[in-house]
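Asker: Encoded as structure tokens, here's the structure I'll be asking about.
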Amino acid sequence: MVFKVASRSFVALMGLVAQALATDDSTYKISEADIQSTELSAHVVYGGGCRVHRFSLGVTGDFSEGNQIQLPVEILHENNNDACERAISTLLHFNITPMIESYKTLYQREHGEFQMMLRGFGQLNVNF
């Protein structure tokens, strides 16, 4: 059984709107991902090379409780209509402090852990 406990304002705080997912037609592959302290690092490969690409981290749902608390997230990719096909490899870094602070507020705990469910990669442990 899954219980949603986070508010939609948290999703807005992370800068994600439903339309962003619906209109994101660019592709990328996450080859590695890791969390250290308050930072998510992800190595991504994507096609392009002619225009600037932008990446952001979005929360795609609420904290859910089951065997472990989980939070679904996704790396959003804006390709600026780049038609080039060169394989670009880059290491991205995202601050996950707002997610941790939301957890602390929701569960009234200073320390804890949850599973970040990164779309296209899998589960990452967040401990604080």
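Each chain of the structure tokens is named A, B, ... in the order shown, its residues numbered from 1; ligands are numbered from 1 in display order.
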Give me the residues near Arg109 (chain A) as a PyMOL selection string, where near means some atom within 12 Å (using only C-alpha atoms) and where sequence neighbours in that chain fewer than 6 positions away do not count.
Answerer: chain A and resi 100-103+128
Asker: Using only C-alpha atoms, find the one residue out of A:Ala87, A:Leu40, A:Leu57, A:Val52 that sits nearest to Tyr28 (chain A).
Answerer: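 Closest to Tyr28 (chain A), using only C-alpha atoms: A:Ala87.
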Asker: Quick one: residues within 10 Å of Val44 (chain A), only C-alpha atoms counted, chain neighbours fewer than 6 positions away excluded, as a ChimeraX atom specification?
Answerer: /A:28-33,75,88-92
Asker: Out of A:Leu71, A:Asn81, A:Glu39, A:Phe94, which residue has the shortest atom-to-atom distance to Phe55 (chain A) when counting only C-alpha atoms?
Answerer: A:Phe94
Asker: Quote the spacing between CA of Tyr107 (chain A) and CA of Glu74 (chain A) in Å to one decimal place.
Answerer: 22.8 Å
Asker: Quick one, how far is CA of Gln68 (chain A) from CA of His111 (chain A)?
Answerer: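 These atoms are spaced 14.7 Å apart.
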Asker: Can you tell me how far CA of Arg54 (chain A) sits from CA of His77 (chain A), in Å to one decimal?
Answerer: 5.9 Å
Asker: Enumerate, as a VMD selection string, the complete set of residues in region 9-109 of chain A that a backbone-based DSSP assignment places in alpha helix (DSSP H).
Answerer: chain A and resid 9 to 13 18 to 23 97 to 107
Asker: Output C-alpha atoms for every residue in that selection, as a PDB file, in the first residue's frame.
Answerer:
ATOM      1  CA  SER A   9       3.693  22.823  -3.032  1.00  0.00           C
ATOM      2  CA  PHE A  10       6.855  20.737  -2.648  1.00  0.00           C
ATOM      3  CA  VAL A  11       6.587  19.647  -6.268  1.00  0.00           C
ATOM      4  CA  ALA A  12       6.183  23.290  -7.276  1.00  0.00           C
ATOM      5  CA  LEU A  13       9.194  24.169  -5.145  1.00  0.00           C
ATOM      6  CA  ALA A  18       3.133  18.530 -15.404  1.00  0.00           C
ATOM      7  CA  GLN A  19       3.421  20.120 -18.833  1.00  0.00           C
ATOM      8  CA  ALA A  20       7.216  19.903 -18.692  1.00  0.00           C
ATOM      9  CA  LEU A  21       7.074  16.133 -18.682  1.00  0.00           C
ATOM     10  CA  ALA A  22       4.436  16.009 -21.380  1.00  0.00           C
ATOM     11  CA  THR A  23       6.413  18.208 -23.774  1.00  0.00           C
ATOM     12  CA  THR A  97      18.684  19.973  -0.116  1.00  0.00           C
ATOM     13  CA  PRO A  98      15.041  21.007  -0.810  1.00  0.00           C
ATOM     14  CA  MET A  99      14.022  17.313  -0.884  1.00  0.00           C
ATOM     15  CA  ILE A 100      15.828  16.620   2.378  1.00  0.00           C
ATOM     16  CA  GLU A 101      14.298  19.682   4.036  1.00  0.00           C
ATOM     17  CA  SER A 102      10.838  18.633   2.860  1.00  0.00           C
ATOM     18  CA  TYR A 103      11.388  15.169   4.363  1.00  0.00           C
ATOM     19  CA  LYS A 104      12.475  16.737   7.669  1.00  0.00           C
ATOM     20  CA  THR A 105       9.366  18.915   7.744  1.00  0.00           C
ATOM     21  CA  LEU A 106       6.947  16.147   6.777  1.00  0.00           C
ATOM     22  CA  TYR A 107       8.324  13.520   9.140  1.00  0.00           C
TER      23      TYR A 107
END
Asker: As a list in words, please: the residues near Pro72 (chain A) (cut-off 12 Å, only C-alpha atoms, same-chain neighbours under 3 positions excluded).
Answerer: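 The filter keeps Lys4, Ala6, Val11, Leu57, Gly58, Val59, Thr60, Gly61, Asp62, Phe63, Ser64, Glu65, Ile69, Ile75, Met99, Phe114, Gln115, Met116, Met117, Leu118, Arg119, Gly120, Phe121, Gly122, Gln123 and Leu124 of chain A.
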Asker: Create the file for the chosen residues now, containing N, CA and C atoms and written as a compact mmCIF listing (two decimals), in the first residue's frame.
Answerer:
# COMPACT_ATOMS: atom_id res chain seq x y z
N LYS A 4 0.49 8.76 0.02
CA LYS A 4 1.13 10.02 -0.40
C LYS A 4 1.06 11.00 0.76
N ALA A 6 3.44 14.03 0.82
CA ALA A 6 3.99 15.36 0.52
C ALA A 6 2.93 16.24 -0.11
N VAL A 11 6.32 19.89 -4.86
CA VAL A 11 6.59 19.65 -6.27
C VAL A 11 6.81 20.97 -6.98
N LEU A 57 16.44 18.93 -12.35
CA LEU A 57 15.93 17.79 -11.59
C LEU A 57 14.52 18.11 -11.14
N GLY A 58 13.58 17.24 -11.47
CA GLY A 58 12.19 17.45 -11.10
C GLY A 58 11.65 16.32 -10.26
N VAL A 59 10.79 16.65 -9.34
CA VAL A 59 10.09 15.67 -8.52
C VAL A 59 8.82 15.30 -9.27
N THR A 60 8.60 14.02 -9.50
CA THR A 60 7.46 13.59 -10.32
C THR A 60 6.32 12.99 -9.50
N GLY A 61 6.41 13.06 -8.20
CA GLY A 61 5.36 12.54 -7.33
C GLY A 61 5.63 12.95 -5.90
N ASP A 62 4.89 12.37 -5.01
CA ASP A 62 5.02 12.67 -3.59
C ASP A 62 5.87 11.63 -2.89
N PHE A 63 6.32 11.94 -1.69
CA PHE A 63 6.92 10.92 -0.84
C PHE A 63 5.86 9.83 -0.65
N SER A 64 6.28 8.58 -0.73
CA SER A 64 5.34 7.49 -0.49
C SER A 64 5.95 6.56 0.55
N GLU A 65 5.07 5.98 1.33
CA GLU A 65 5.51 5.08 2.39
C GLU A 65 5.16 3.66 2.02
N ILE A 69 10.53 4.73 2.68
CA ILE A 69 10.00 5.97 2.11
C ILE A 69 10.70 6.21 0.78
N ILE A 75 15.32 13.51 -14.27
CA ILE A 75 16.14 14.56 -14.86
C ILE A 75 15.43 15.02 -16.12
N MET A 99 14.69 18.60 -1.13
CA MET A 99 14.02 17.31 -0.88
C MET A 99 14.25 16.86 0.56
N PHE A 114 15.69 8.09 2.79
CA PHE A 114 14.64 7.73 1.86
C PHE A 114 15.29 7.24 0.58
N GLN A 115 14.48 6.60 -0.24
CA GLN A 115 14.94 6.09 -1.53
C GLN A 115 14.53 7.07 -2.62
N MET A 116 15.51 7.59 -3.33
CA MET A 116 15.21 8.42 -4.49
C MET A 116 15.07 7.47 -5.67
N MET A 117 13.91 7.51 -6.31
CA MET A 117 13.65 6.65 -7.45
C MET A 117 13.87 7.49 -8.71
N LEU A 118 15.08 7.39 -9.27
CA LEU A 118 15.48 8.21 -10.41
C LEU A 118 15.05 7.52 -11.70
N ARG A 119 14.12 8.13 -12.40
CA ARG A 119 13.60 7.56 -13.66
C ARG A 119 14.75 7.38 -14.66
N GLY A 120 14.79 6.23 -15.26
CA GLY A 120 15.83 5.93 -16.24
C GLY A 120 17.10 5.38 -15.61
N PHE A 121 17.11 5.26 -14.26
CA PHE A 121 18.29 4.72 -13.60
C PHE A 121 17.90 3.72 -12.52
N GLY A 122 17.11 4.15 -11.55
CA GLY A 122 16.71 3.25 -10.46
C GLY A 122 16.80 3.93 -9.11
N GLN A 123 17.04 3.12 -8.12
CA GLN A 123 17.00 3.55 -6.73
C GLN A 123 18.35 4.07 -6.23
N LEU A 124 18.30 5.21 -5.52
CA LEU A 124 19.47 5.77 -4.87
C LEU A 124 19.11 6.05 -3.42
Asker: Using only C-alpha atoms, can you tell me which of A:Val126, A:Ile35, A:Leu76, A:Val45 comes closest to His93 (chain A)?
Answerer: A:Ile35
Asker: Can you work out which one of A:Gln108, A:Thr27, A:Gly47, A:Thr38 has the shortest atom-to-atom distance to Asn127 (chain A), counting only C-alpha atoms?
Answerer: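 Of the candidates, the smallest distance to Asn127 (chain A) is held by A:Thr38.
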